[in-house]
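S.K.: You'll find my_file_0.tsv just under this line, and it carries TSV, C-alpha atoms.
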chain	number	residue	atom	x	y	z
A	9	MET	CA	0.00	0.00	0.00
A	10	SER	CA	1.02	3.60	-0.52
A	11	LYS	CA	1.80	5.84	2.46
A	12	ALA	CA	-1.58	7.51	2.13
A	13	GLU	CA	-3.37	4.16	2.16
A	14	VAL	CA	-1.37	2.98	5.17
A	15	LEU	CA	-2.19	6.11	7.15
A	16	GLU	CA	-5.85	6.02	6.15
A	17	THR	CA	-6.23	2.36	7.18
A	18	GLU	CA	-4.47	2.91	10.49
A	19	SER	CA	-6.58	5.98	11.22
A	20	ARG	CA	-9.80	4.09	10.46
A	21	TRP	CA	-8.95	1.17	12.75
A	22	ALA	CA	-7.26	3.14	15.55
A	23	LEU	CA	-10.32	3.74	17.73
A	24	PRO	CA	-11.82	0.21	17.37
A	25	THR	CA	-8.40	-1.25	18.18
A	26	ALA	CA	-7.98	0.92	21.27
A	27	LEU	CA	-11.50	0.07	22.49
A	28	ALA	CA	-10.86	-3.67	21.99
A	29	THR	CA	-7.59	-3.35	23.91
A	30	PHE	CA	-9.15	-1.53	26.85
A	31	LEU	CA	-12.05	-4.00	26.95
A	32	ALA	CA	-9.63	-6.94	27.00
A	33	VAL	CA	-7.77	-5.46	29.96
A	34	ALA	CA	-11.04	-4.64	31.75
A	35	PHE	CA	-12.37	-8.19	31.24
A	36	LEU	CA	-9.22	-9.77	32.66
A	37	VAL	CA	-9.29	-7.48	35.69
A	38	ALA	CA	-13.01	-8.18	36.17
A	39	ALA	CA	-12.34	-11.94	35.93
A	40	ALA	CA	-9.84	-11.68	38.79
A	41	ILE	CA	-12.33	-9.69	40.90
A	42	VAL	CA	-15.40	-11.93	40.45
A	43	ASN	CA	-13.46	-15.19	40.83
A	44	GLU	CA	-14.76	-16.79	44.04
A	45	VAL	CA	-12.89	-20.09	43.76
A	46	SER	CA	-10.29	-20.65	46.46
A	47	GLY	CA	-8.59	-23.47	48.32
A	48	SER	CA	-5.22	-24.77	49.44
A	49	GLY	CA	-5.47	-28.17	47.75
A	50	ASP	CA	-7.10	-29.83	44.73
A	51	ALA	CA	-9.97	-31.16	46.85
A	52	GLU	CA	-10.77	-27.78	48.39
A	53	ILE	CA	-10.57	-26.10	45.00
A	54	LEU	CA	-13.02	-28.53	43.38
A	55	ARG	CA	-15.44	-28.19	46.30
A	56	SER	CA	-15.21	-24.40	45.84
A	57	VAL	CA	-15.82	-24.80	42.10
A	58	ASP	CA	-18.93	-26.86	42.83
A	59	ALA	CA	-20.18	-24.24	45.28
A	60	HIS	CA	-19.54	-21.31	42.92
A	61	GLY	CA	-20.45	-22.74	39.51
A	62	GLY	CA	-21.84	-19.43	38.28
A	63	SER	CA	-18.62	-17.62	39.13
A	64	VAL	CA	-16.54	-20.24	37.30
A	65	THR	CA	-18.66	-19.85	34.17
A	66	LEU	CA	-18.50	-16.05	34.29
A	67	VAL	CA	-14.72	-16.03	34.82
A	68	GLY	CA	-14.26	-18.44	31.90
A	69	LEU	CA	-16.37	-16.27	29.59
A	70	LEU	CA	-14.59	-13.06	30.64
A	71	ARG	CA	-11.16	-14.57	30.07
A	72	ALA	CA	-12.17	-16.09	26.75
A	73	ALA	CA	-13.54	-12.74	25.53
A	74	ALA	CA	-10.46	-10.88	26.76
A	75	PHE	CA	-7.97	-13.15	25.01
A	76	ALA	CA	-9.99	-13.03	21.78
A	77	LEU	CA	-10.02	-9.22	21.88
A	78	LEU	CA	-6.22	-9.12	22.22
A	79	ALA	CA	-6.04	-10.25	18.60
A	80	PHE	CA	-6.97	-6.66	17.60
A	81	PRO	CA	-3.96	-4.78	19.07
A	82	LEU	CA	-1.54	-7.54	18.07
A	83	LEU	CA	-2.80	-7.56	14.50
A	84	TYR	CA	-2.86	-3.74	14.33
A	85	LEU	CA	0.76	-3.40	15.46
A	86	PHE	CA	1.94	-6.29	13.26
A	87	ARG	CA	0.36	-4.79	10.13
A	88	ALA	CA	1.67	-1.32	10.96
A	89	ALA	CA	5.22	-2.65	11.29
A	90	ARG	CA	4.83	-4.82	8.19
A	91	ALA	CA	3.71	-1.79	6.15
A	92	ARG	CA	6.96	-0.05	7.13
A	93	SER	CA	9.31	-3.00	6.69
A	94	PRO	CA	8.88	-5.59	3.93
A	95	GLN	CA	11.55	-7.67	5.68
A	96	MET	CA	9.00	-8.88	8.23
A	97	ARG	CA	7.65	-12.39	7.74
A	98	SER	CA	4.07	-11.84	6.63
A	99	GLN	CA	3.39	-15.59	7.05
A	100	LEU	CA	3.27	-15.03	10.82
A	101	ILE	CA	0.05	-13.04	10.52
A	102	GLY	CA	-1.87	-16.30	10.91
A	103	LEU	CA	-0.17	-16.91	14.27
A	104	VAL	CA	-0.97	-13.33	15.33
A	105	VAL	CA	-4.66	-14.16	15.09
A	106	ALA	CA	-4.49	-17.83	16.14
A	107	ALA	CA	-2.51	-17.36	19.39
A	108	PRO	CA	-5.12	-15.23	21.25
A	109	ILE	CA	-7.97	-17.33	19.81
A	110	PHE	CA	-6.33	-20.50	21.16
A	111	LEU	CA	-5.97	-18.85	24.57
A	112	ALA	CA	-9.65	-17.92	24.45
A	113	LEU	CA	-10.62	-21.52	23.65
A	114	SER	CA	-8.37	-22.76	26.45
A	115	ALA	CA	-10.09	-20.45	28.95
A	116	GLY	CA	-13.54	-21.66	27.88
A	117	PHE	CA	-12.66	-25.36	27.87
A	118	GLY	CA	-10.78	-24.96	31.15
A	119	ALA	CA	-13.83	-23.55	32.95
A	120	ALA	CA	-16.03	-26.36	31.62
A	121	ALA	CA	-13.43	-29.00	32.54
A	122	GLN	CA	-13.23	-27.64	36.10
A	123	GLN	CA	-16.97	-27.91	36.54
A	124	GLU	CA	-17.03	-31.42	35.10
A	125	ALA	CA	-14.26	-32.51	37.48
A	126	ALA	CA	-16.00	-30.85	40.43
A	127	ASP	CA	-19.27	-32.66	39.68
A	128	GLN	CA	-17.47	-36.00	39.49
A	129	PHE	CA	-15.49	-35.39	42.68
A	130	VAL	CA	-18.40	-34.13	44.81
A	131	ALA	CA	-20.57	-37.03	43.61
A	132	GLY	CA	-17.92	-39.46	44.90
A	133	GLU	CA	-17.22	-40.88	41.43
A	134	ALA	CA	-13.53	-39.95	41.42
A	135	LYS	CA	-11.14	-42.69	42.48
A	136	SER	CA	-7.78	-42.31	44.17
A	137	THR	CA	-4.70	-44.10	42.88
A	138	LEU	CA	-3.01	-43.45	46.22
A	139	SER	CA	-3.41	-46.26	48.76
A	140	PRO	CA	-4.09	-45.53	52.46
A	141	GLN	CA	-0.66	-46.96	53.27
A	142	GLU	CA	1.04	-44.57	50.82
A	143	ALA	CA	-0.94	-41.65	52.22
A	144	ARG	CA	0.12	-42.66	55.71
A	145	GLU	CA	3.77	-42.74	54.67
A	146	ASP	CA	3.47	-39.28	53.10
A	147	CYS	CA	2.02	-37.91	56.33
A	148	LYS	CA	4.73	-39.25	58.62
A	149	SER	CA	6.60	-35.96	58.76
A	150	ASP	CA	3.38	-34.11	59.66
A	151	ARG	CA	2.22	-36.56	62.31
A	152	GLU	CA	1.94	-35.18	65.83
A	153	ASP	CA	-0.86	-37.37	67.17
A	154	ASP	CA	-3.34	-39.91	65.86
A	155	GLU	CA	-6.00	-37.31	65.11
A	156	THR	CA	-3.59	-35.15	63.08
A	157	ALA	CA	-2.32	-38.20	61.22
A	158	LYS	CA	-5.84	-39.30	60.25
A	159	ALA	CA	-6.71	-35.80	59.02
A	160	CYS	CA	-3.55	-35.70	56.93
A	161	GLU	CA	-4.24	-39.11	55.38
A	162	LYS	CA	-7.81	-38.11	54.56
A	163	ARG	CA	-6.65	-34.87	52.94
A	164	LYS	CA	-3.99	-36.66	50.87
A	165	LEU	CA	-6.51	-39.19	49.54
A	166	ALA	CA	-9.07	-36.47	48.77
A	167	ASP	CA	-6.50	-34.36	46.91
A	168	ASP	CA	-5.47	-37.39	44.86
A	169	GLU	CA	-9.09	-38.10	43.96
A	170	ALA	CA	-9.57	-34.45	42.93
A	171	SER	CA	-6.38	-34.46	40.86
A	172	ASN	CA	-7.52	-37.61	39.04
A	173	ALA	CA	-10.95	-36.08	38.45
A	174	GLN	CA	-9.33	-33.05	36.84
A	175	GLY	CA	-7.12	-35.20	34.63
A	176	GLU	CA	-10.01	-37.44	33.58
A	177	ALA	CA	-12.39	-34.62	32.64
A	178	SER	CA	-13.25	-34.97	28.96
A	179	LEU	CA	-12.42	-31.33	28.13
A	180	THR	CA	-9.09	-31.19	29.98
A	181	PRO	CA	-7.01	-32.29	26.94
A	182	PHE	CA	-8.57	-29.51	24.85
A	183	ALA	CA	-7.95	-26.89	27.53
A	184	THR	CA	-4.34	-28.04	27.96
A	185	GLY	CA	-3.59	-28.34	24.25
A	186	PHE	CA	-5.02	-24.97	23.28
A	187	GLY	CA	-3.40	-23.39	26.34
A	188	ILE	CA	0.10	-24.60	25.45
A	189	ALA	CA	-0.25	-23.72	21.76
A	190	GLY	CA	-1.79	-20.32	22.50
A	191	GLY	CA	0.72	-19.47	25.22
A	192	LEU	CA	3.77	-20.28	23.12
A	193	GLY	CA	2.26	-18.53	20.10
A	194	PHE	CA	1.49	-15.44	22.17
A	195	VAL	CA	5.12	-15.26	23.33
A	196	VAL	CA	6.45	-15.52	19.76
A	197	VAL	CA	3.97	-12.99	18.38
A	198	LEU	CA	4.47	-10.34	21.08
A	199	PHE	CA	8.26	-10.68	21.00
A	200	TYR	CA	8.54	-10.60	17.19
A	201	THR	CA	6.01	-7.79	16.68
A	202	CYS	CA	7.54	-5.56	19.36
A	203	LEU	CA	11.01	-6.19	17.92
A	204	TRP	CA	10.03	-4.93	14.46
A	205	ALA	CA	7.85	-2.14	15.84
A	206	MET	CA	10.93	-0.89	17.68
A	207	ARG	CA	13.14	-1.27	14.60
A	208	THR	CA	10.73	0.70	12.42
A	209	GLY	CA	10.25	3.43	15.05
A	210	LEU	CA	6.65	2.63	15.98
A	211	LEU	CA	7.64	1.87	19.57
A	212	SER	CA	10.34	3.54	21.62
A	213	ARG	CA	13.26	1.41	22.73
A	214	PHE	CA	11.84	1.26	26.24
A	215	TRP	CA	8.32	0.12	25.30
A	216	GLY	CA	9.56	-2.15	22.52
A	217	SER	CA	12.05	-3.89	24.82
A	218	LEU	CA	9.45	-4.07	27.59
A	219	GLY	CA	6.93	-5.71	25.25
A	220	MET	CA	9.52	-8.28	24.16
A	221	ALA	CA	10.40	-9.08	27.78
A	222	LEU	CA	6.75	-9.31	28.82
A	223	GLY	CA	6.07	-11.76	26.02
A	224	ILE	CA	8.43	-14.16	27.75
A	225	ALA	CA	7.25	-13.16	31.24
A	226	THR	CA	3.67	-14.30	30.48
A	227	LEU	CA	4.95	-17.89	30.55
A	228	PHE	CA	5.68	-17.35	34.25
A	229	GLY	CA	2.28	-15.84	35.02
A	230	LEU	CA	3.32	-12.16	35.13
A	231	ILE	CA	0.18	-11.13	33.28
A	232	ILE	CA	-0.42	-7.92	35.26
A	233	PHE	CA	2.64	-6.20	33.75
A	234	THR	CA	1.58	-7.33	30.27
A	235	LEU	CA	-1.80	-5.66	30.86
A	236	ILE	CA	-0.03	-2.40	31.69
A	237	TRP	CA	1.80	-2.63	28.36
A	238	PHE	CA	-1.48	-3.14	26.48
A	239	VAL	CA	-3.03	-0.13	28.24
A	240	TYR	CA	-0.09	1.96	27.04
A	241	PHE	CA	-0.47	0.63	23.50
A	242	GLY	CA	-4.19	1.44	23.47
A	243	LEU	CA	-3.37	5.03	24.44
A	244	LEU	CA	-0.58	5.15	21.87
A	245	VAL	CA	-2.89	4.10	19.03
A	246	ILE	CA	-5.24	7.04	19.67
A	247	GLY	CA	-2.40	9.46	20.37
A	248	LYS	CA	-3.06	9.99	24.07
A	249	VAL	CA	0.43	9.26	25.41
A	250	PRO	CA	2.73	11.96	26.87
A	251	ASN	CA	5.00	13.60	24.27
A	252	GLY	CA	2.87	12.22	21.44
A	253	ARG	CA	3.44	9.26	19.15
A	254	PRO	CA	6.79	8.41	17.53
A	255	PRO	CA	7.29	10.03	14.07
A	256	ALA	CA	6.93	6.70	12.22
A	257	TRP	CA	3.17	6.73	12.87
A	258	GLU	CA	2.67	10.06	11.11
A	259	GLU	CA	5.18	9.44	8.30
A	260	GLY	CA	3.67	6.13	7.18
A	261	GLU	CA	7.15	4.69	6.78
A	262	ALA	CA	9.99	3.47	8.98
A	263	VAL	CA	11.77	6.13	11.01
A	264	PRO	CA	14.44	4.12	12.88
A	265	TRP	CA	15.71	5.41	16.17
A	266	PRO	CA	19.30	6.71	16.09
A	267	SER	CA	21.88	4.42	17.63
A	268	PRO	CA	23.49	5.49	20.94
A	269	GLY	CA	26.61	6.49	18.98
A	270	GLU	CA	24.63	8.61	16.52
A	271	GLN	CA	22.74	10.23	19.37
A	272	ALA	CA	25.95	11.13	21.17
A	273	ALA	CA	27.46	12.53	17.97
A	274	ALA	CA	24.36	14.66	17.34
A	275	GLU	CA	24.54	16.08	20.85
A	276	LEU	CA	28.23	16.96	20.46
A	277	GLU	CA	27.79	18.58	17.03
A	278	PRO	CA	27.58	22.39	17.40
A	279	SER	CA	24.45	24.05	16.18
A	280	GLU	CA	24.35	26.64	13.35
A	281	ASP	CA	23.79	29.44	15.87
A	282	VAL	CA	26.88	28.47	17.83
A	283	GLU	CA	29.02	28.26	14.67
A	284	ALA	CA	27.76	31.64	13.53
A	285	ALA	CA	28.50	33.21	16.90
A	286	GLU	CA	32.04	31.82	16.79
A	287	ASP	CA	32.57	33.41	13.35
A	288	GLY	CA	31.25	36.71	14.63
A	289	GLU	CA	28.41	36.66	12.10
A	290	PRO	CA	24.67	36.79	12.93
A	291	ALA	CA	22.93	33.46	12.44
A	292	GLU	CA	20.24	34.90	10.15
A	293	ARG	CA	22.83	36.37	7.76
A	294	ARG	CA	24.75	33.12	7.71
A	295	LYS	CA	21.62	31.14	6.78
A	296	ARG	CA	20.82	33.65	4.02
A	297	LYS	CA	24.29	33.17	2.50
A	298	GLN	CA	23.87	29.41	2.59
A	299	ARG	CA	20.58	29.68	0.68
A	300	GLU	CA	22.22	31.92	-1.91
Mind turning this structure into structure tokens?
M.R.:
Amino acid sequence: MSKAEVLETESRWALPTALATFLAVAFLVAAAIVNEVSGSGDAEILRSVDAHGGSVTLVGLLRAAAFALLAFPLLYLFRAARARSPQMRSQLIGLVVAAPIFLALSAGFGAAAQQEAADQFVAGEAKSTLSPQEAREDCKSDREDDETAKACEKRKLADDEASNAQGEASLTPFATGFGIAGGLGFVVVLFYTCLWAMRTGLLSRFWGSLGMALGIATLFGLIIFTLIWFVYFGLLVIGKVPNGRPPAWEEGEAVPWPSPGEQAAAELEPSEDVEAAEDGEPAERRKRKQRE
């Protein structure tokens, strides 16, 4: 596309992309707030899931919607960088869309699998593969008296039953498979897109590097910092960040950031006014001579 077409397309999709980004962040925050499931072991968690089935369903829907909406900012930034650098691999655009969709499917299947496992566990249909003798051996270090030992053995057996119920739920393989594929894809997409957005001047070095690092950090559950990055990007798209957007957005082409060496050289280079003052000639007259 020509520069004019690139700028027109980006302008048309800026507001919808920002709204989708803010909604995704809001849905993930809301999911954390309304989540009523708690517990210190698998058995307690499944009992809590059974007691708060409506909350589990709502959290699953909110997370699924949020991850699906993240496809908008990722696709917007990828296409903006691709328009400014033909060296980018356009084949990855499929992964840009698929990764958040897979995460959305994983969230939905995961919520359904939890409820299925909870129903099976509470109904007493889950079986433990841990024998009472093995449970007793595991509790030896915790044993203080007979009553404590019996409570420990009971908890160990219940947790094993709950763990087996979760593994045997029919939707667990789908939740796990889509979760792994979506998570790894999300890391690759965010890292690669931020790298090229930084190279083309769409993102500053700080926000580009931060986005790349957060792509990897999501594997370790540091999602809150990733949400902060997406909030910044939503503001950037509509031009509401301090100091305005980088020049590459307005130019419609790559405007790479100067290297540290080039920046230092530019700072050390004397300005025209200084040179003119050293020559004893007014700056305006000097500029006029240069034009002539």
S.K.: Could you name the residues that touch region 218-223 of chain A at 10 Å or less, counting only C-alpha atoms, but leaving out those on the same chain fewer than 4 positions away, as a PDB file with C-alpha atoms, in the frame of the given file?
M.R.:
ATOM      1  CA  GLY A 191       0.720 -19.470  25.220  1.00  0.00           C
ATOM      2  CA  LEU A 192       3.770 -20.280  23.120  1.00  0.00           C
ATOM      3  CA  GLY A 193       2.260 -18.530  20.100  1.00  0.00           C
ATOM      4  CA  PHE A 194       1.490 -15.440  22.170  1.00  0.00           C
ATOM      5  CA  VAL A 195       5.120 -15.260  23.330  1.00  0.00           C
ATOM      6  CA  VAL A 196       6.450 -15.520  19.760  1.00  0.00           C
ATOM      7  CA  VAL A 197       3.970 -12.990  18.380  1.00  0.00           C
ATOM      8  CA  LEU A 198       4.470 -10.340  21.080  1.00  0.00           C
ATOM      9  CA  PHE A 199       8.260 -10.680  21.000  1.00  0.00           C
ATOM     10  CA  TYR A 200       8.540 -10.600  17.190  1.00  0.00           C
ATOM     11  CA  THR A 201       6.010  -7.790  16.680  1.00  0.00           C
ATOM     12  CA  CYS A 202       7.540  -5.560  19.360  1.00  0.00           C
ATOM     13  CA  LEU A 203      11.010  -6.190  17.920  1.00  0.00           C
ATOM     14  CA  MET A 206      10.930  -0.890  17.680  1.00  0.00           C
ATOM     15  CA  LEU A 211       7.640   1.870  19.570  1.00  0.00           C
ATOM     16  CA  SER A 212      10.340   3.540  21.620  1.00  0.00           C
ATOM     17  CA  ARG A 213      13.260   1.410  22.730  1.00  0.00           C
ATOM     18  CA  PHE A 214      11.840   1.260  26.240  1.00  0.00           C
ATOM     19  CA  LEU A 227       4.950 -17.890  30.550  1.00  0.00           C
ATOM     20  CA  PHE A 228       5.680 -17.350  34.250  1.00  0.00           C
ATOM     21  CA  LEU A 230       3.320 -12.160  35.130  1.00  0.00           C
ATOM     22  CA  ILE A 231       0.180 -11.130  33.280  1.00  0.00           C
ATOM     23  CA  ILE A 232      -0.420  -7.920  35.260  1.00  0.00           C
ATOM     24  CA  PHE A 233       2.640  -6.200  33.750  1.00  0.00           C
ATOM     25  CA  THR A 234       1.580  -7.330  30.270  1.00  0.00           C
ATOM     26  CA  LEU A 235      -1.800  -5.660  30.860  1.00  0.00           C
ATOM     27  CA  TRP A 237       1.800  -2.630  28.360  1.00  0.00           C
ATOM     28  CA  PHE A 238      -1.480  -3.140  26.480  1.00  0.00           C
ATOM     29  CA  PHE A 241      -0.470   0.630  23.500  1.00  0.00           C
TER      30      PHE A 241
END
S.K.: Between A:Val239, A:Leu210, A:Leu165, A:Leu85, single out the one closest to Trp265 (chain A), counting all atoms listed in the file.
M.R.: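 Between A:Val239, A:Leu210, A:Leu165, A:Leu85, the residue approaching Trp265 (chain A) most closely is A:Leu210.
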S.K.: Quick one: distance from CA of Gln95 (chain A) to CA of Trp21 (chain A) in Å, one decimal?
M.R.: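 Between these atoms lies a distance of 23.4 Å.
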S.K.: CA of Ile53 (chain A) and CA of Lys135 (chain A) are how many Å apart?
M.R.: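 Between CA of Ile53 (chain A) and CA of Lys135 (chain A) the gap is 16.8 Å.
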S.K.: List the spatial neighbours of region 106-116 of chain A as a list in words - criterion: any atom at most 8 Å away, only C-alpha atoms, same-chain residues fewer than 4 positions off excluded.
M.R.: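 Those residues are Gly68, Leu69, Arg71, Ala72, Ala73, Ala74, Phe75, Ala76, Leu77, Leu78, Ala79, Gly102, Ala120, Phe182, Ala183, Thr184, Gly185, Phe186, Gly187, Ala189, Gly190, Gly191, Leu192, Gly193, Phe194 and Val197 of chain A.
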S.K.: Just give me the gap between CA of Arg55 (chain A) and CA of Ser171 (chain A) in Å, one decimal is fine.
M.R.: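 Interatomic distance here is 12.3 Å.
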S.K.: Within 12 Å of region 129-134 of chain A, counting only C-alpha atoms, which residues qualify if same-chain residues fewer than 3 places away don't, as a PyMOL selection string?
M.R.: chain A and resi 50-59+122-126+137+165-177
S.K.: Rank nothing, just name the residue among A:Ser48, A:Thr208, A:Ser93, A:Thr226 nearest to Pro254 (chain A), using all atoms listed in the file.
M.R.: A:Thr208
